[in-house]
Each structure stands twice: as C-alpha cells, then as structure tokens.
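Trainee: Provided herewith: model-v7.pdb, PDB, C-alpha atoms.
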MODEL        1
ATOM      1  CA  MET A 864     129.646  94.474  91.863  1.00  0.00           C
ATOM      2  CA  GLU A 865     127.384  96.108  94.429  1.00  0.00           C
ATOM      3  CA  LYS A 866     125.545  93.899  96.882  1.00  0.00           C
ATOM      4  CA  LYS A 867     121.835  94.700  96.953  1.00  0.00           C
ATOM      5  CA  SER A 868     120.524  95.060 100.480  1.00  0.00           C
ATOM      6  CA  THR A 869     117.287  93.255 101.180  1.00  0.00           C
ATOM      7  CA  ILE A 870     114.980  93.890 104.082  1.00  0.00           C
ATOM      8  CA  ARG A 871     115.127  91.108 106.607  1.00  0.00           C
ATOM      9  CA  TYR A 872     111.946  90.739 108.616  1.00  0.00           C
ATOM     10  CA  THR A 873     113.606  89.639 111.848  1.00  0.00           C
ATOM     11  CA  GLN A 874     113.601  90.938 115.406  1.00  0.00           C
ATOM     12  CA  HIS A 875     117.312  91.684 114.980  1.00  0.00           C
ATOM     13  CA  PHE A 876     116.630  93.953 111.979  1.00  0.00           C
ATOM     14  CA  LEU A 877     113.819  95.692 113.895  1.00  0.00           C
ATOM     15  CA  ASN A 878     116.297  96.309 116.730  1.00  0.00           C
ATOM     16  CA  LYS A 879     118.757  97.844 114.232  1.00  0.00           C
ATOM     17  CA  LEU A 880     116.037 100.182 112.935  1.00  0.00           C
ATOM     18  CA  GLU A 881     115.086 101.164 116.496  1.00  0.00           C
ATOM     19  CA  ASP A 882     118.755 101.868 117.240  1.00  0.00           C
ATOM     20  CA  LEU A 883     119.008 104.106 114.159  1.00  0.00           C
ATOM     21  CA  PHE A 884     115.793 105.849 115.167  1.00  0.00           C
ATOM     22  CA  ALA A 885     117.158 106.479 118.679  1.00  0.00           C
ATOM     23  CA  GLU A 886     119.909 108.617 117.146  1.00  0.00           C
ATOM     24  CA  THR A 887     117.410 110.928 115.403  1.00  0.00           C
ATOM     25  CA  ASP A 888     115.552 113.848 116.972  1.00  0.00           C
ATOM     26  CA  PHE A 889     112.336 111.787 117.082  1.00  0.00           C
ATOM     27  CA  VAL A 890     110.965 109.729 119.958  1.00  0.00           C
ATOM     28  CA  LEU A 891     109.688 106.283 118.988  1.00  0.00           C
ATOM     29  CA  ARG A 892     106.737 104.830 120.872  1.00  0.00           C
ATOM     30  CA  TYR A 893     104.637 101.710 120.455  1.00  0.00           C
ATOM     31  CA  GLU A 894     100.980 102.365 121.256  1.00  0.00           C
ATOM     32  CA  LYS A 895      97.595 100.899 120.450  1.00  0.00           C
ATOM     33  CA  GLY A 896      95.243 102.835 118.234  1.00  0.00           C
ATOM     34  CA  ASN A 897      93.592 103.127 114.857  1.00  0.00           C
ATOM     35  CA  PHE A 898      96.413 103.888 112.451  1.00  0.00           C
ATOM     36  CA  LYS A 899      95.634 103.487 108.765  1.00  0.00           C
ATOM     37  CA  SER A 900      99.249 102.899 107.821  1.00  0.00           C
ATOM     38  CA  GLY A 901     100.433 101.367 111.067  1.00  0.00           C
ATOM     39  CA  TYR A 902     102.007 104.550 112.356  1.00  0.00           C
ATOM     40  CA  CYS A 903     101.259 108.117 113.316  1.00  0.00           C
ATOM     41  CA  LEU A 904     103.884 110.810 112.835  1.00  0.00           C
ATOM     42  CA  LEU A 905     103.613 113.946 114.962  1.00  0.00           C
ATOM     43  CA  LYS A 906     106.257 116.154 113.361  1.00  0.00           C
ATOM     44  CA  ASP A 907     105.723 119.198 115.579  1.00  0.00           C
ATOM     45  CA  THR A 908     106.488 117.228 118.729  1.00  0.00           C
ATOM     46  CA  ARG A 909     108.914 114.836 116.978  1.00  0.00           C
ATOM     47  CA  ILE A 910     107.140 111.671 118.044  1.00  0.00           C
ATOM     48  CA  ALA A 911     106.605 108.601 115.900  1.00  0.00           C
ATOM     49  CA  ILE A 912     104.003 106.150 117.125  1.00  0.00           C
ATOM     50  CA  ILE A 913     103.880 102.614 115.764  1.00  0.00           C
ATOM     51  CA  ASN A 914     100.838 100.398 116.245  1.00  0.00           C
ATOM     52  CA  LYS A 915     102.047  97.925 118.878  1.00  0.00           C
ATOM     53  CA  PHE A 916      99.662  95.249 117.610  1.00  0.00           C
ATOM     54  CA  PHE A 917     101.197  95.263 114.140  1.00  0.00           C
ATOM     55  CA  PRO A 918     103.095  92.114 113.192  1.00  0.00           C
ATOM     56  CA  LEU A 919     106.893  92.279 112.986  1.00  0.00           C
ATOM     57  CA  GLU A 920     106.816  92.890 109.209  1.00  0.00           C
ATOM     58  CA  GLY A 921     104.368  95.779 109.653  1.00  0.00           C
ATOM     59  CA  LYS A 922     106.509  97.404 112.343  1.00  0.00           C
ATOM     60  CA  ILE A 923     109.627  97.156 110.164  1.00  0.00           C
ATOM     61  CA  ASN A 924     107.859  98.558 107.097  1.00  0.00           C
ATOM     62  CA  SER A 925     106.372 101.388 109.162  1.00  0.00           C
ATOM     63  CA  LEU A 926     109.769 102.324 110.620  1.00  0.00           C
ATOM     64  CA  ILE A 927     111.360 102.322 107.163  1.00  0.00           C
ATOM     65  CA  ASP A 928     108.540 104.550 105.835  1.00  0.00           C
ATOM     66  CA  ILE A 929     109.035 106.991 108.708  1.00  0.00           C
ATOM     67  CA  ILE A 930     112.826 107.064 108.365  1.00  0.00           C
ATOM     68  CA  LYS A 931     112.440 107.919 104.674  1.00  0.00           C
ATOM     69  CA  GLU A 932     109.918 110.663 105.494  1.00  0.00           C
ATOM     70  CA  ILE A 933     111.548 112.496 108.401  1.00  0.00           C
ATOM     71  CA  GLU A 934     114.563 114.762 108.234  1.00  0.00           C
ATOM     72  CA  VAL A 935     117.578 112.846 109.514  1.00  0.00           C
ATOM     73  CA  GLN A 936     120.967 114.466 110.096  1.00  0.00           C
ATOM     74  CA  PRO A 937     123.379 111.725 108.923  1.00  0.00           C
ATOM     75  CA  GLU A 938     126.263 113.344 110.823  1.00  0.00           C
ATOM     76  CA  GLN A 939     124.361 112.672 114.090  1.00  0.00           C
ATOM     77  CA  LEU A 940     124.331 108.950 113.366  1.00  0.00           C
ATOM     78  CA  SER A 941     126.982 106.440 114.332  1.00  0.00           C
ATOM     79  CA  ALA A 942     129.001 104.946 111.459  1.00  0.00           C
ATOM     80  CA  LYS A 943     126.971 101.710 111.408  1.00  0.00           C
ATOM     81  CA  ASN A 944     123.688 103.636 111.409  1.00  0.00           C
ATOM     82  CA  GLN A 945     124.910 105.972 108.649  1.00  0.00           C
ATOM     83  CA  LYS A 946     125.523 102.876 106.523  1.00  0.00           C
ATOM     84  CA  LEU A 947     122.074 101.436 107.341  1.00  0.00           C
ATOM     85  CA  TYR A 948     120.425 104.816 106.664  1.00  0.00           C
ATOM     86  CA  LYS A 949     122.068 105.058 103.226  1.00  0.00           C
ATOM     87  CA  GLN A 950     120.940 101.493 102.412  1.00  0.00           C
ATOM     88  CA  LEU A 951     117.372 102.314 103.413  1.00  0.00           C
ATOM     89  CA  LEU A 952     117.307 105.443 101.249  1.00  0.00           C
ATOM     90  CA  GLN A 953     118.637 103.504  98.255  1.00  0.00           C
ATOM     91  CA  SER A 954     116.114 100.687  98.582  1.00  0.00           C
ATOM     92  CA  ALA A 955     112.858 101.225  96.798  1.00  0.00           C
TER
ENDMDL
END
Translate this file's structure into structure tokens.

Mentor:
Amino acid sequence: MEKKSTIRYTQHFLNKLEDLFAETDFVLRYEKGNFKSGYCLLKDTRIAIINKFFPLEGKINSLIDIIKEIEVQPEQLSAKNQKLYKQLLQSA
C-alpha cells in the first residue's frame, strides 16, 4: 500500500522546497512585483523570482509549479531531495 504524499503548508515544508531548489541550477529570489502567478521564471539566466508578499501557501504552490516546469537533474540532488522531487512530480 503506497502512502499518498500531501502538501503541507508549513514553514518547514517551504524550507524543504527551498533546500531542493538550492541543489538545482536555478537561483531562487524573493522580490516584490506584479506577478500574475506569484512567480517569474527567467530561464535564460536561471533565476526564479517568487513574490515575497505572497502568503506561505502561495509561495509553496509557486515553488512546486516551478520545480515541475524547470529541468532538474535528479542525480545532482541529495537522496532526501531526490525522494521529495519524485513525490512532487507524482502529485497532481
């Protein structure tokens, strides 16, 4: 029986997502601005910008959206982040 992973909207879970993101080729920044979806993804310069005024839930959802959209090399990730990355890709 497989345990279904649910998204936990906590600061701890946000920290886990930021840790995963730190192991990718992208730089994560929190900035103010007019972002329709809460984030701006600059693929050419590998920068992801999250609206710093977004609530915790919005920041988490934005990070998950970005992680699903960018190209991540799973072999670059630590074992715990590989597991989290696979869970995020399987969640819909």

Trainee: Measuring atom to atom with only C-alpha atoms, identify which of A:Glu894, A:Gly921, A:Asp882, A:Gln874 is nearest to A:Asn944.

Mentor: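 Under the stated criterion, the closest residue is A:Asp882.
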
Trainee: Calculate how many Å separate atom CA of A:Cys903 from atom CA of A:Leu891, rounding to one decimal.

Mentor: 10.3 Å

Trainee: At a cut-off of 12 Å around the point (115.1, 106.4, 117.4) (file coordinates), what residues fall inside when counting all atoms listed in the file? I'd like the answer as a ChimeraX atom specification.

Mentor: /A:877-893,909-913,926-927,929-930,933,935,939-940,944

Trainee: Would you save the residues from that selection as a short mmCIF file (atom, residue, chain, number, x, y, z; two decimals), in the frame of the given file, using C-alpha atoms?

Mentor:
data_model
loop_
_atom_site.label_atom_id
_atom_site.label_comp_id
_atom_site.auth_asym_id
_atom_site.auth_seq_id
_atom_site.Cartn_x
_atom_site.Cartn_y
_atom_site.Cartn_z
CA LEU A 877 113.82 95.69 113.90
CA ASN A 878 116.30 96.31 116.73
CA LYS A 879 118.76 97.84 114.23
CA LEU A 880 116.04 100.18 112.94
CA GLU A 881 115.09 101.16 116.50
CA ASP A 882 118.76 101.87 117.24
CA LEU A 883 119.01 104.11 114.16
CA PHE A 884 115.79 105.85 115.17
CA ALA A 885 117.16 106.48 118.68
CA GLU A 886 119.91 108.62 117.15
CA THR A 887 117.41 110.93 115.40
CA ASP A 888 115.55 113.85 116.97
CA PHE A 889 112.34 111.79 117.08
CA VAL A 890 110.96 109.73 119.96
CA LEU A 891 109.69 106.28 118.99
CA ARG A 892 106.74 104.83 120.87
CA TYR A 893 104.64 101.71 120.46
CA ARG A 909 108.91 114.84 116.98
CA ILE A 910 107.14 111.67 118.04
CA ALA A 911 106.60 108.60 115.90
CA ILE A 912 104.00 106.15 117.12
CA ILE A 913 103.88 102.61 115.76
CA LEU A 926 109.77 102.32 110.62
CA ILE A 927 111.36 102.32 107.16
CA ILE A 929 109.04 106.99 108.71
CA ILE A 930 112.83 107.06 108.36
CA ILE A 933 111.55 112.50 108.40
CA VAL A 935 117.58 112.85 109.51
CA GLN A 939 124.36 112.67 114.09
CA LEU A 940 124.33 108.95 113.37
CA ASN A 944 123.69 103.64 111.41
#

Trainee: What is the atom CA of A:Leu952 to atom CA of A:Asn924 distance in Å?

Mentor: 13.1 Å

Trainee: Could you jot down the atom CA of A:Lys906 to atom CA of A:Tyr948 separation for me, Å, one decimal place?

Mentor: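 Here the two named atoms are 19.3 Å from each other.
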
Trainee: Looking at only C-alpha atoms, which of A:Asn914, A:Phe876, A:Thr908, A:Asn897 is the one that sits closest to A:Leu951?

Mentor: A:Phe876

Trainee: Between A:Ser925, A:Gln950, A:Ser941, A:Glu920, which one has atoms that come closest to A:Tyr872, using all atoms listed in the file?

Mentor: A:Glu920
